[in-house]
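Next up, protein10.cif (mmCIF, C-alpha atoms and all ligand atoms):
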data_work
loop_
_atom_site.label_atom_id
_atom_site.label_comp_id
_atom_site.auth_asym_id
_atom_site.auth_seq_id
_atom_site.Cartn_x
_atom_site.Cartn_y
_atom_site.Cartn_z
CA MET A 1 76.93 -114.72 69.21
CA ALA A 2 73.15 -114.39 69.30
CA LEU A 3 70.99 -111.39 70.13
CA ILE A 4 68.33 -112.24 72.67
CA VAL A 5 65.41 -110.08 73.86
CA GLN A 6 64.21 -111.03 77.35
CA LYS A 7 61.06 -109.50 78.83
CA PHE A 8 60.21 -109.68 82.53
CA GLY A 9 56.72 -108.88 83.83
CA GLY A 10 55.70 -107.11 87.02
CA THR A 11 55.79 -110.10 89.40
CA SER A 12 59.24 -111.05 88.13
CA VAL A 13 60.68 -107.70 89.31
CA LYS A 14 58.36 -107.05 92.26
CA ASP A 15 61.04 -106.68 94.97
CA ARG A 16 64.77 -106.70 95.66
CA SER A 17 65.18 -110.47 95.59
CA ARG A 18 63.19 -110.87 92.35
CA ILE A 19 65.23 -108.09 90.73
CA PHE A 20 68.46 -109.88 91.58
CA ASN A 21 66.91 -113.13 90.33
CA VAL A 22 66.25 -111.42 86.98
CA ALA A 23 69.73 -109.90 86.98
CA ARG A 24 71.20 -113.42 87.35
CA ILE A 25 69.11 -114.77 84.44
CA VAL A 26 70.29 -111.87 82.28
CA ALA A 27 73.90 -112.27 83.45
CA ASN A 28 73.86 -115.99 82.60
CA THR A 29 72.55 -115.21 79.10
CA ARG A 30 75.19 -112.53 78.68
CA ASN A 31 78.00 -114.71 80.03
CA ALA A 32 77.04 -117.44 77.57
CA GLY A 33 78.24 -114.99 74.91
CA ASN A 34 74.97 -113.35 73.82
CA ASP A 35 73.96 -109.75 73.33
CA VAL A 36 70.96 -109.07 75.54
CA VAL A 37 68.19 -106.49 75.38
CA VAL A 38 65.90 -106.62 78.41
CA VAL A 39 62.39 -105.20 78.58
CA VAL A 40 60.77 -104.75 81.97
CA SER A 41 57.33 -103.90 83.33
CA ALA A 42 56.47 -101.89 86.41
CA GLN A 43 57.07 -103.70 89.72
CA GLY A 44 54.22 -105.83 91.12
CA ASP A 45 50.97 -103.89 91.33
CA THR A 46 52.58 -100.51 90.63
CA THR A 47 50.44 -99.74 87.57
CA ASP A 48 47.22 -100.52 89.47
CA ASP A 49 48.42 -98.44 92.42
CA LEU A 50 49.14 -95.49 90.13
CA ILE A 51 45.65 -95.76 88.62
CA ALA A 52 44.22 -95.71 92.16
CA LYS A 53 46.30 -92.63 92.98
CA ALA A 54 44.85 -90.81 89.97
CA GLN A 55 41.36 -91.77 91.11
CA GLU A 56 42.05 -90.11 94.47
CA ILE A 57 42.37 -86.86 92.51
CA THR A 58 39.67 -87.17 89.84
CA ASN A 59 37.16 -89.57 88.29
CA SER A 60 38.04 -88.40 84.81
CA PRO A 61 41.77 -87.80 84.52
CA SER A 62 43.08 -86.41 81.25
CA SER A 63 44.41 -89.28 79.16
CA ARG A 64 47.65 -87.41 78.54
CA GLU A 65 48.33 -86.98 82.26
CA MET A 66 47.33 -90.60 82.89
CA ASP A 67 50.02 -91.83 80.49
CA MET A 68 52.53 -89.44 82.03
CA LEU A 69 51.72 -91.03 85.39
CA LEU A 70 51.64 -94.71 84.36
CA ALA A 71 54.91 -94.53 82.43
CA THR A 72 56.74 -93.78 85.70
CA GLY A 73 56.25 -97.39 86.88
CA GLU A 74 58.46 -98.89 84.18
CA GLN A 75 61.06 -96.18 84.70
CA ILE A 76 61.60 -97.34 88.29
CA SER A 77 62.12 -100.94 87.15
CA ILE A 78 64.71 -100.17 84.46
CA ALA A 79 66.84 -98.12 86.86
CA LEU A 80 66.72 -100.73 89.63
CA LEU A 81 67.46 -103.64 87.28
CA SER A 82 70.39 -101.80 85.71
CA MET A 83 71.77 -101.08 89.18
CA ALA A 84 71.39 -104.76 90.11
CA LEU A 85 73.18 -105.84 86.92
CA GLN A 86 76.02 -103.41 87.61
CA GLU A 87 76.15 -104.65 91.19
CA ILE A 88 76.82 -108.22 90.00
CA GLY A 89 79.42 -107.03 87.52
CA VAL A 90 77.41 -106.81 84.31
CA SER A 91 77.79 -103.66 82.24
CA ALA A 92 74.24 -102.34 81.72
CA ILE A 93 72.34 -99.18 80.84
CA SER A 94 68.67 -98.32 81.25
CA LEU A 95 66.68 -96.57 78.52
CA THR A 96 63.14 -95.19 78.65
CA GLY A 97 60.80 -96.10 75.80
CA TRP A 98 61.57 -92.85 74.00
CA GLN A 99 65.33 -93.19 74.48
CA ALA A 100 64.98 -96.64 72.93
CA GLY A 101 63.23 -95.08 69.92
CA PHE A 102 59.56 -96.01 70.36
CA VAL A 103 57.46 -93.58 68.31
CA THR A 104 53.71 -94.11 68.65
CA ASP A 105 50.45 -92.65 67.38
CA ARG A 106 48.50 -90.22 69.55
CA ALA A 107 46.01 -92.63 71.12
CA TYR A 108 46.84 -92.20 74.81
CA SER A 109 46.45 -95.34 76.94
CA ARG A 110 46.25 -97.57 73.87
CA ALA A 111 48.94 -96.17 71.59
CA ARG A 112 50.23 -98.16 68.64
CA ILE A 113 53.90 -98.26 67.74
CA LYS A 114 54.46 -96.38 64.49
CA ARG A 115 58.22 -96.56 64.28
CA LEU A 116 61.12 -97.92 66.24
CA ASP A 117 64.47 -96.16 65.81
CA THR A 118 67.00 -98.60 67.18
CA GLU A 119 70.25 -96.61 66.74
CA ARG A 120 70.68 -95.90 70.44
CA VAL A 121 70.00 -99.51 71.47
CA GLU A 122 72.40 -100.76 68.81
CA SER A 123 75.14 -98.34 69.81
CA GLU A 124 74.82 -99.41 73.47
CA LEU A 125 74.99 -103.07 72.42
CA ALA A 126 78.10 -102.26 70.41
CA ARG A 127 79.61 -100.95 73.64
CA ASN A 128 79.06 -104.39 75.15
CA ARG A 129 76.29 -103.26 77.45
CA VAL A 130 73.12 -105.06 78.37
CA VAL A 131 70.36 -102.62 77.38
CA VAL A 132 67.42 -102.44 79.80
CA VAL A 133 64.39 -100.86 78.13
CA ALA A 134 61.18 -99.64 79.78
CA GLY A 135 58.24 -101.54 78.34
CA PHE A 136 54.74 -100.17 77.73
CA GLN A 137 55.80 -96.63 76.79
CA GLY A 138 56.65 -94.45 73.84
CA LEU A 139 56.52 -90.90 72.59
CA ASN A 140 54.06 -89.46 70.08
CA ARG A 141 54.94 -86.97 67.37
CA SER A 142 54.29 -84.05 69.73
CA ASP A 143 56.92 -85.49 72.09
CA ASP A 144 54.26 -86.44 74.63
CA ILE A 145 54.51 -89.70 76.57
CA THR A 146 52.10 -92.45 75.53
CA THR A 147 51.42 -95.95 76.86
CA LEU A 148 50.56 -99.04 74.83
CA GLY A 149 47.63 -100.44 76.86
CA ARG A 150 47.63 -102.91 79.75
CA GLY A 151 50.14 -105.68 79.28
CA GLY A 152 51.89 -103.52 76.68
CA SER A 153 55.43 -104.47 77.73
CA ASP A 154 55.00 -107.73 75.83
CA THR A 155 54.44 -105.64 72.71
CA SER A 156 57.52 -103.52 73.42
CA ALA A 157 59.61 -106.69 73.65
CA VAL A 158 58.30 -108.22 70.43
CA ALA A 159 58.72 -104.91 68.57
CA LEU A 160 62.36 -104.69 69.70
CA ALA A 161 62.97 -108.32 68.73
CA ALA A 162 61.51 -107.67 65.27
CA ALA A 163 63.35 -104.37 64.68
CA LEU A 164 66.69 -105.72 65.91
CA HIS A 165 66.25 -109.05 64.06
CA ALA A 166 66.85 -110.79 67.37
CA ASP A 167 67.55 -114.52 67.35
CA ARG A 168 65.16 -115.15 70.23
CA CYS A 169 62.40 -113.37 72.15
CA GLN A 170 61.78 -114.74 75.62
CA ILE A 171 58.77 -113.61 77.65
CA TYR A 172 59.51 -114.43 81.30
CA THR A 173 56.48 -114.41 83.57
CA ASP A 174 55.11 -115.85 86.82
CA VAL A 175 53.77 -119.12 85.36
CA GLU A 176 55.67 -121.81 83.43
CA GLY A 177 54.24 -121.03 80.01
CA VAL A 178 50.90 -120.99 78.25
CA PHE A 179 48.41 -123.41 79.80
CA THR A 180 45.12 -124.89 78.62
CA ALA A 181 43.44 -122.43 81.02
CA ASP A 182 44.59 -119.96 83.67
CA PRO A 183 46.60 -122.29 85.95
CA ARG A 184 45.77 -120.10 88.95
CA LYS A 185 42.06 -120.76 88.47
CA ILE A 186 42.10 -124.27 86.98
CA PRO A 187 44.64 -126.46 88.81
CA LYS A 188 44.12 -129.24 86.26
CA ALA A 189 45.27 -126.99 83.39
CA THR A 190 48.29 -128.38 81.54
CA ARG A 191 51.22 -126.55 79.96
CA LEU A 192 51.37 -126.46 76.17
CA LYS A 193 54.73 -127.21 74.56
CA GLU A 194 53.78 -125.25 71.46
CA ILE A 195 50.92 -123.13 70.20
CA THR A 196 50.41 -121.36 66.87
CA PHE A 197 50.33 -117.57 66.55
CA ASP A 198 46.68 -117.77 65.48
CA GLU A 199 45.62 -119.84 68.47
CA MET A 200 47.63 -117.69 70.86
CA LEU A 201 46.18 -114.54 69.33
CA GLU A 202 42.67 -115.83 69.98
CA LEU A 203 43.49 -116.93 73.54
CA ALA A 204 45.15 -113.59 74.30
CA SER A 205 42.31 -111.58 72.75
CA LEU A 206 39.78 -113.65 74.65
CA GLY A 207 41.24 -112.94 78.06
CA ALA A 208 44.32 -115.14 78.68
CA GLN A 209 46.51 -112.26 79.83
CA VAL A 210 49.71 -114.33 79.79
CA LEU A 211 50.53 -112.56 76.50
CA ASN A 212 49.15 -109.24 75.32
CA ASN A 213 47.21 -109.76 72.08
CA ARG A 214 48.97 -106.98 70.17
CA SER A 215 52.31 -108.59 70.97
CA VAL A 216 51.13 -111.81 69.34
CA GLU A 217 49.79 -109.90 66.33
CA LEU A 218 53.19 -108.27 65.92
CA ALA A 219 55.06 -111.55 66.45
CA LYS A 220 52.97 -113.17 63.70
CA LYS A 221 53.43 -110.24 61.33
CA TYR A 222 57.22 -110.21 61.68
CA GLY A 223 57.72 -113.93 62.27
CA VAL A 224 59.15 -113.49 65.77
CA GLU A 225 59.02 -116.88 67.49
CA LEU A 226 58.20 -116.39 71.19
CA GLU A 227 59.12 -118.44 74.19
CA VAL A 228 56.93 -117.96 77.28
CA LEU A 229 58.63 -119.20 80.45
CA SER A 230 58.91 -118.78 84.19
CA SER A 231 61.40 -116.41 85.81
CA ILE A 232 61.25 -118.54 88.96
CA ASN A 233 61.19 -122.15 87.78
CA PRO A 234 63.89 -122.80 85.14
CA ILE A 235 62.09 -125.34 82.97
CA PRO A 236 61.30 -125.11 79.24
CA GLY A 237 58.18 -123.06 78.58
CA THR A 238 55.82 -122.71 75.62
CA ILE A 239 56.92 -121.87 72.09
CA VAL A 240 54.56 -119.65 70.09
CA LYS A 241 55.13 -119.95 66.34
CA GLU A 242 53.52 -120.08 62.91
CA GLU A 243 52.98 -123.82 62.75
CA THR A 244 53.17 -126.53 65.36
CA LYS A 245 53.96 -130.22 65.01
CA VAL A 246 51.38 -131.38 67.50
CA GLU A 247 48.30 -131.99 65.40
CA GLY A 248 44.93 -133.35 66.30
CA MET A 249 44.55 -131.61 69.62
CA LEU A 250 41.07 -130.30 69.25
CA ILE A 251 41.03 -127.55 71.86
CA LYS A 252 44.14 -125.67 72.93
CA GLY A 253 42.63 -123.65 75.69
CA VAL A 254 39.72 -122.12 77.55
CA ALA A 255 39.80 -118.39 78.32
CA LYS A 256 37.71 -116.01 80.38
CA ASP A 257 37.37 -112.29 79.89
CA ASP A 258 35.77 -110.26 82.68
CA ASN A 259 36.35 -106.97 80.95
CA VAL A 260 33.07 -107.12 79.04
CA ALA A 261 29.84 -105.11 79.08
CA VAL A 262 26.71 -105.72 77.01
CA ILE A 263 24.94 -102.67 75.58
CA SER A 264 21.39 -102.95 74.24
CA ILE A 265 19.71 -100.28 72.12
CA LEU A 266 16.02 -101.06 71.99
CA GLY A 267 13.60 -100.01 69.29
CA VAL A 268 16.04 -98.96 66.56
CA PRO A 269 14.12 -98.15 63.29
CA ASP A 270 14.30 -101.18 60.97
CA VAL A 271 15.66 -99.21 57.98
CA PRO A 272 19.00 -99.31 56.10
CA GLY A 273 22.00 -97.49 57.57
CA MET A 274 21.10 -97.74 61.27
CA SER A 275 23.91 -100.15 62.22
CA PHE A 276 26.37 -97.87 60.44
CA LYS A 277 25.16 -94.87 62.45
CA VAL A 278 25.63 -96.71 65.75
CA PHE A 279 28.93 -98.45 65.10
CA SER A 280 30.66 -95.62 63.26
CA LEU A 281 30.03 -93.45 66.30
CA LEU A 282 31.82 -95.99 68.52
CA ALA A 283 34.61 -96.49 65.98
CA GLN A 284 35.34 -92.75 65.95
CA ARG A 285 36.07 -92.99 69.68
CA ASN A 286 38.25 -96.09 69.20
CA ILE A 287 35.76 -98.26 71.12
CA ASN A 288 36.04 -101.88 70.02
CA VAL A 289 32.77 -103.65 69.47
CA ASP A 290 32.98 -107.42 69.66
CA ILE A 291 29.89 -109.66 69.53
CA ILE A 292 26.86 -108.11 67.79
CA LEU A 293 23.30 -109.42 67.86
CA GLN A 294 20.40 -107.87 66.02
CA SER A 295 16.84 -108.97 66.63
CA SER A 296 14.61 -109.40 63.60
CA GLY A 297 12.46 -106.33 62.99
CA THR A 298 8.93 -106.27 64.34
CA ASP A 299 6.59 -103.30 63.87
CA GLY A 300 9.34 -101.45 62.03
CA ALA A 301 11.79 -101.62 64.94
CA LYS A 302 14.64 -103.90 66.02
CA ASP A 303 17.03 -104.23 68.98
CA LEU A 304 20.80 -103.90 68.63
CA ILE A 305 22.77 -105.75 71.29
CA PHE A 306 26.56 -105.76 71.39
CA THR A 307 29.56 -106.09 73.68
CA VAL A 308 32.27 -103.51 74.40
CA PRO A 309 35.20 -103.63 76.83
CA LEU A 310 33.93 -102.91 80.36
CA ASP A 311 36.46 -100.06 80.64
CA ASP A 312 34.76 -98.36 77.70
CA ALA A 313 31.16 -99.01 78.77
CA GLU A 314 30.53 -95.64 80.41
CA SER A 315 32.00 -93.60 77.56
CA ALA A 316 30.11 -95.72 75.00
CA LEU A 317 26.89 -95.21 76.94
CA SER A 318 27.22 -91.44 77.22
CA LEU A 319 28.20 -91.18 73.56
CA LEU A 320 25.14 -93.19 72.50
CA GLN A 321 22.83 -91.24 74.84
CA GLU A 322 24.14 -87.97 73.43
CA HIS A 323 23.43 -89.03 69.84
CA LYS A 324 20.41 -91.25 70.40
CA GLY A 325 18.19 -89.05 68.26
CA ARG A 326 20.11 -90.33 65.22
CA PHE A 327 18.94 -93.89 65.72
CA GLY A 328 15.43 -93.56 66.94
CA GLY A 329 15.85 -92.43 70.54
CA GLY A 330 14.92 -95.79 72.07
CA GLU A 331 16.01 -97.08 75.47
CA ILE A 332 19.72 -97.82 75.94
CA LYS A 333 20.76 -100.33 78.61
CA VAL A 334 24.13 -101.54 79.83
CA ASP A 335 24.88 -104.81 81.66
CA LYS A 336 28.24 -104.83 83.42
CA ASN A 337 27.79 -108.15 85.20
CA CYS A 338 28.78 -110.42 82.37
CA ALA A 339 31.84 -112.29 81.16
CA LYS A 340 32.97 -113.94 77.98
CA VAL A 341 34.11 -117.55 78.11
CA SER A 342 35.72 -119.10 75.03
CA VAL A 343 37.28 -122.28 73.70
CA VAL A 344 40.13 -121.95 71.19
CA GLY A 345 41.73 -124.49 68.91
CA ALA A 346 42.59 -124.76 65.23
CA GLY A 347 41.55 -128.45 65.45
CA MET A 348 37.88 -127.58 65.84
CA GLN A 349 37.67 -126.52 62.18
CA SER A 350 37.59 -130.13 61.13
CA HIS A 351 35.64 -131.57 64.07
CA PRO A 352 31.88 -131.16 64.20
CA GLY A 353 30.18 -131.11 67.58
CA VAL A 354 32.53 -128.77 69.45
CA ALA A 355 29.80 -126.19 70.00
CA SER A 356 27.30 -128.73 71.27
CA ARG A 357 29.86 -130.22 73.65
CA MET A 358 30.63 -126.75 74.99
CA PHE A 359 26.96 -125.86 75.43
CA GLU A 360 26.33 -129.22 77.14
CA ALA A 361 29.10 -128.45 79.65
CA ILE A 362 27.63 -125.01 80.35
CA GLY A 363 24.07 -126.36 80.52
CA SER A 364 25.09 -129.11 82.94
CA GLN A 365 26.05 -126.34 85.38
CA ASN A 366 22.65 -124.72 84.93
CA ILE A 367 24.27 -121.62 83.46
CA ASN A 368 22.31 -119.47 81.04
CA ILE A 369 23.96 -118.29 77.79
CA HIS A 370 23.13 -114.71 76.71
CA MET A 371 25.10 -114.44 73.46
CA ILE A 372 27.14 -116.77 71.24
CA SER A 373 29.82 -116.01 68.68
CA THR A 374 31.87 -118.41 66.59
CA SER A 375 34.81 -118.33 64.19
CA GLU A 376 36.91 -121.03 62.58
CA ILE A 377 39.06 -121.47 65.65
CA LYS A 378 36.97 -120.28 68.59
CA ILE A 379 33.55 -120.31 70.19
CA SER A 380 32.64 -117.64 72.72
CA VAL A 381 29.63 -117.24 74.96
CA ILE A 382 28.48 -114.33 77.09
CA ILE A 383 27.20 -115.43 80.48
CA ASP A 384 26.76 -113.88 83.95
CA LYS A 385 30.08 -112.94 85.55
CA ALA A 386 29.21 -114.89 88.68
CA ASP A 387 29.01 -118.11 86.63
CA ALA A 388 32.20 -117.64 84.63
CA ASP A 389 34.74 -119.59 86.70
CA ARG A 390 32.35 -122.54 87.02
CA ALA A 391 31.79 -122.47 83.26
CA VAL A 392 35.53 -122.45 82.52
CA ALA A 393 36.07 -125.46 84.81
CA ALA A 394 33.20 -127.41 83.25
CA ILE A 395 34.32 -126.65 79.68
CA HIS A 396 37.93 -127.52 80.54
CA ASP A 397 36.77 -130.87 81.97
CA ALA A 398 34.71 -131.55 78.85
CA PHE A 399 37.55 -130.97 76.37
CA ILE A 400 40.91 -131.45 78.04
CA GLN A 401 41.92 -134.70 79.66
P1 LIG B 1 53.42 -110.49 83.61
O1 LIG B 1 53.37 -109.57 84.77
O2 LIG B 1 54.61 -111.39 83.63
O3 LIG B 1 53.22 -109.81 82.29
P2 LIG B 1 50.65 -111.32 83.58
O4 LIG B 1 49.98 -111.23 84.92
O5 LIG B 1 50.38 -110.25 82.60
O6 LIG B 1 52.21 -111.50 83.84
O7 LIG B 1 50.30 -112.73 82.89
C1 LIG B 1 50.56 -113.94 83.58
C2 LIG B 1 49.28 -114.46 84.19
O8 LIG B 1 48.37 -114.83 83.15
C3 LIG B 1 49.43 -115.72 85.01
O9 LIG B 1 49.79 -115.44 86.34
C4 LIG B 1 48.07 -116.39 84.89
O10 LIG B 1 47.30 -116.23 86.05
C5 LIG B 1 47.39 -115.66 83.74
N1 LIG B 1 46.84 -116.55 82.69
C6 LIG B 1 45.59 -116.47 82.18
N2 LIG B 1 45.38 -117.41 81.28
C7 LIG B 1 46.53 -118.13 81.18
C8 LIG B 1 46.93 -119.25 80.39
N3 LIG B 1 46.10 -119.82 79.49
N4 LIG B 1 48.18 -119.73 80.55
C9 LIG B 1 49.04 -119.15 81.42
N5 LIG B 1 48.71 -118.10 82.21
C10 LIG B 1 47.47 -117.58 82.10
N1 LIG B 2 52.81 -102.14 83.65
C1 LIG B 2 51.86 -102.26 82.57
C2 LIG B 2 50.61 -102.99 83.06
O1 LIG B 2 50.53 -103.34 84.22
C3 LIG B 2 52.44 -102.90 81.35
C4 LIG B 2 52.81 -104.35 81.49
O2 LIG B 2 52.88 -104.86 82.61
O3 LIG B 2 53.06 -104.99 80.47
O4 LIG B 2 49.71 -103.18 82.30
MG MG B 3 51.54 -109.14 81.24
#
Translate this structure into structure tokens?
Amino acid sequence: MALIVQKFGGTSVKDRSRIFNVARIVANTRNAGNDVVVVVSAQGDTTDDLIAKAQEITNSPSSREMDMLLATGEQISIALLSMALQEIGVSAISLTGWQAGFVTDRAYSRARIKRLDTERVESELARNRVVVVAGFQGLNRSDDITTLGRGGSDTSAVALAAALHADRCQIYTDVEGVFTADPRKIPKATRLKEITFDEMLELASLGAQVLNNRSVELAKKYGVELEVLSSINPIPGTIVKEETKVEGMLIKGVAKDDNVAVISILGVPDVPGMSFKVFSLLAQRNINVDIILQSSGTDGAKDLIFTVPLDDAESALSLLQEHKGRFGGGEIKVDKNCAKVSVVGAGMQSHPGVASRMFEAIGSQNINIHMISTSEIKISVIIDKADADRAVAAIHDAFIQ
């Protein structure tokens, strides 16, 4: 008998018929003689709707209350799915994140899992029940509800699979696996049979929301092989693992991230320690800085230009404005109309000319590049948001036949 963790995203449980569809998948797995732990997300657009509800009340909700609110979405799903399982004759019990033992740090809205106490889940499994766990949520040490960040149910599932030493972790979603680009935007995108943790981590971090990046980080750390597959179309999906057999494929995928803002601090004194002053300030507030450009100093001053998540742009801006005296008091600008487009593939390490081919594809569309960043397995550019979909299509055409 194997232990299988199955995670179902929002679209997969969006209404009555989808919930029964999921219940049947779980029942089939159970009836084949497996123990099953199920992780579910909030139904359909519930999380977005809850965010909108909060915005009807205030522009700056307390992060604690926001997590209290958002965690309710997953709680609806676990109860309904457990009822559906019971309705079709499968013994099941729902558990909230905290009942399932998720202990997190205090960072509301982006909490990290610190510990996972699996006794309750294990005792329910021992009673021959399917355990249905609410994704995306945990409890901090003050017993306050936290959430793990958007797409966090993937992370809940991988964490459970790792802690329970599950034999398989299946991420069921609304597409048939991981594709060479978002299949909803690029109809020519093809499904990958396999992808490495490193490549998937880059794709996820660079905007391919099919898997949450922290879930991939965790899967790599604990060696949890993932299978991404459709809850609607029962065909084999994509396996995410340490090493893949398919070699020589230069580029595995093209990703777009709209959640990007560019901040420019002009006229920073060209003296040691200035970058530290700026970026330590942002780090203290947990704001992730991604691409950084620094102009060469002229007349004793330089410009610092960097990207932050769009969601954090306003708080970064007000923080920098408040402390601008510390780094020269120059003008601070923010551009929210940009996007990051990236190519990812371990194969590019050994193939020169990937960057030039990418820039040629972007140039052929008459699209201007504002910033460039490269690593061993990816190249990213910052361009205008309005150009991003066209850029993805052109780059996909250039690399993937
Ligand atoms: P779930 O609700 O199941 O967690 P998500 O909406 O979070 O689903 O992720 C699935 C979506 O990710 C797909 O509907 C697809 O539009 C998008 N996506 C973006 N990039 C990719 C990619 N490279 N491969 C597959 N899907 C992708
Ligand atoms: N419901 C949460 C979200 O929409 C978590 C998840 O779906 O994984 O981000
Ligand atoms: Mg998701």
Per residue of chain A within 9 Å of ligand MG 3 (chain B), record the nearest atom pair and its distance in Å to one decimal, counting all atoms listed in the file, with rows in chain order and ascending residue number, as JSON lines.
{"residue": "A:Phe8", "atom": "CA", "partner": "B:MG3", "partner_atom": "MG", "distance": 8.8}
{"residue": "A:Gly9", "atom": "CA", "partner": "B:MG3", "partner_atom": "MG", "distance": 5.8}
{"residue": "A:Gly10", "atom": "CA", "partner": "B:MG3", "partner_atom": "MG", "distance": 7.4}
{"residue": "A:Ser41", "atom": "CA", "partner": "B:MG3", "partner_atom": "MG", "distance": 8.1}
{"residue": "A:Arg150", "atom": "CA", "partner": "B:MG3", "partner_atom": "MG", "distance": 7.5}
{"residue": "A:Gly151", "atom": "CA", "partner": "B:MG3", "partner_atom": "MG", "distance": 4.2}
{"residue": "A:Gly152", "atom": "CA", "partner": "B:MG3", "partner_atom": "MG", "distance": 7.2}
{"residue": "A:Ser153", "atom": "CA", "partner": "B:MG3", "partner_atom": "MG", "distance": 7.0}
{"residue": "A:Asp154", "atom": "CA", "partner": "B:MG3", "partner_atom": "MG", "distance": 6.6}
{"residue": "A:Thr173", "atom": "CA", "partner": "B:MG3", "partner_atom": "MG", "distance": 7.6}
{"residue": "A:Gln209", "atom": "CA", "partner": "B:MG3", "partner_atom": "MG", "distance": 6.1}
{"residue": "A:Val210", "atom": "CA", "partner": "B:MG3", "partner_atom": "MG", "distance": 5.7}
{"residue": "A:Leu211", "atom": "CA", "partner": "B:MG3", "partner_atom": "MG", "distance": 5.9}
{"residue": "A:Asn212", "atom": "CA", "partner": "B:MG3", "partner_atom": "MG", "distance": 6.4}
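Within the 10 Å cut-off around Gly177 in chain A, using only C-alpha atoms and omitting residues fewer than 6 positions from it on the same chain, the listed residues are Ile171, Pro183, Thr190, Arg191, Leu192, Lys193, Glu194, Val210, Leu211, Glu227, Val228, Leu229, Ser230, Ile235, Pro236, Gly237, Thr238 and Ile239 of chain A.
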Problem - A:Asn21, A:Ser63, A:Thr374, A:Asp49 ranked by distance to Leu81 in chain A, top pick (using only C-alpha atoms) - result: A:Asn21
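You will find CA of Ile232 in chain A at 15.6 Å from atom N4 of ligand LIG 1 (chain B).
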Exercise for the section: Excluding range 276-290 of chain A and any residue of its chain fewer than 6 positions from it, enumerate the residues within 12 Å of it, using only C-alpha atoms, and give them as an MDAnalysis selection string. Expected result: chainID A and resid 106:111 205:206 259:265 268:269 303:329 332 340 371:374 380:382
Next, the residues of the selection above should be written as a compact mmCIF listing (two decimals), in the frame of the given file with C-alpha atoms.
# COMPACT_ATOMS: atom_id res chain seq x y z
CA ARG A 106 48.50 -90.22 69.55
CA ALA A 107 46.01 -92.63 71.12
CA TYR A 108 46.84 -92.20 74.81
CA SER A 109 46.45 -95.34 76.94
CA ARG A 110 46.25 -97.57 73.87
CA ALA A 111 48.94 -96.17 71.59
CA SER A 205 42.31 -111.58 72.75
CA LEU A 206 39.78 -113.65 74.65
CA ASN A 259 36.35 -106.97 80.95
CA VAL A 260 33.07 -107.12 79.04
CA ALA A 261 29.84 -105.11 79.08
CA VAL A 262 26.71 -105.72 77.01
CA ILE A 263 24.94 -102.67 75.58
CA SER A 264 21.39 -102.95 74.24
CA ILE A 265 19.71 -100.28 72.12
CA VAL A 268 16.04 -98.96 66.56
CA PRO A 269 14.12 -98.15 63.29
CA ASP A 303 17.03 -104.23 68.98
CA LEU A 304 20.80 -103.90 68.63
CA ILE A 305 22.77 -105.75 71.29
CA PHE A 306 26.56 -105.76 71.39
CA THR A 307 29.56 -106.09 73.68
CA VAL A 308 32.27 -103.51 74.40
CA PRO A 309 35.20 -103.63 76.83
CA LEU A 310 33.93 -102.91 80.36
CA ASP A 311 36.46 -100.06 80.64
CA ASP A 312 34.76 -98.36 77.70
CA ALA A 313 31.16 -99.01 78.77
CA GLU A 314 30.53 -95.64 80.41
CA SER A 315 32.00 -93.60 77.56
CA ALA A 316 30.11 -95.72 75.00
CA LEU A 317 26.89 -95.21 76.94
CA SER A 318 27.22 -91.44 77.22
CA LEU A 319 28.20 -91.18 73.56
CA LEU A 320 25.14 -93.19 72.50
CA GLN A 321 22.83 -91.24 74.84
CA GLU A 322 24.14 -87.97 73.43
CA HIS A 323 23.43 -89.03 69.84
CA LYS A 324 20.41 -91.25 70.40
CA GLY A 325 18.19 -89.05 68.26
CA ARG A 326 20.11 -90.33 65.22
CA PHE A 327 18.94 -93.89 65.72
CA GLY A 328 15.43 -93.56 66.94
CA GLY A 329 15.85 -92.43 70.54
CA ILE A 332 19.72 -97.82 75.94
CA LYS A 340 32.97 -113.94 77.98
CA MET A 371 25.10 -114.44 73.46
CA ILE A 372 27.14 -116.77 71.24
CA SER A 373 29.82 -116.01 68.68
CA THR A 374 31.87 -118.41 66.59
CA SER A 380 32.64 -117.64 72.72
CA VAL A 381 29.63 -117.24 74.96
CA ILE A 382 28.48 -114.33 77.09
Handout entry: Gly89 in chain A surroundings by all atoms listed in the file, 12 Å radius, close-in-sequence under 2 positions cut, as a list in words
Key = Ala23, Arg24, Val26, Ala27, Asn28, Arg30, Asn31, Ser82, Met83, Ala84, Leu85, Gln86, Glu87, Ser91, Ala92, Arg129 and Val130 of chain A
Practice task
Would you list the residues near (60.4, -96.0, 79.3), meaning any protein, DNA or RNA residue with an atom at most 9 Å from that point in file coordinates, counting all atoms listed in the file, as JSON, numbers by chain?
Solution key: {"A": [71, 72, 73, 74, 75, 78, 94, 95, 96, 97, 98, 99, 100, 102, 133, 134, 135, 136, 137, 138]}
Problem - 12 Å contact set for Lys114 in chain A, only C-alpha atoms, chain neighbours under 3 positions out, as a PyMOL selection string - result: chain A and resi 101-107+111+117+138-141+146+148+156+159+163
Completion exercise
Across A:Met358, A:Cys338, A:Val90, A:Ala42, the smallest distance to Asp384 in chain A, with all atoms listed in the file counted, is shown by A:Cys338
At a cut-off of 9 Å, using all atoms listed in the file, what residues contact Asp387 in chain A? Leave out same-chain residues fewer than 3 positions from it and give the result as a compact mmCIF listing (two decimals) with C-alpha atoms, in the frame of the given file.
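Listed below is the output, part.txt:
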# COMPACT_ATOMS: atom_id res chain seq x y z
CA CYS A 338 28.78 -110.42 82.37
CA ALA A 339 31.84 -112.29 81.16
CA GLN A 365 26.05 -126.34 85.38
CA ILE A 367 24.27 -121.62 83.46
CA ASN A 368 22.31 -119.47 81.04
CA ILE A 383 27.20 -115.43 80.48
CA ASP A 384 26.76 -113.88 83.95
CA ARG A 390 32.35 -122.54 87.02
CA ALA A 391 31.79 -122.47 83.26
CA VAL A 392 35.53 -122.45 82.52
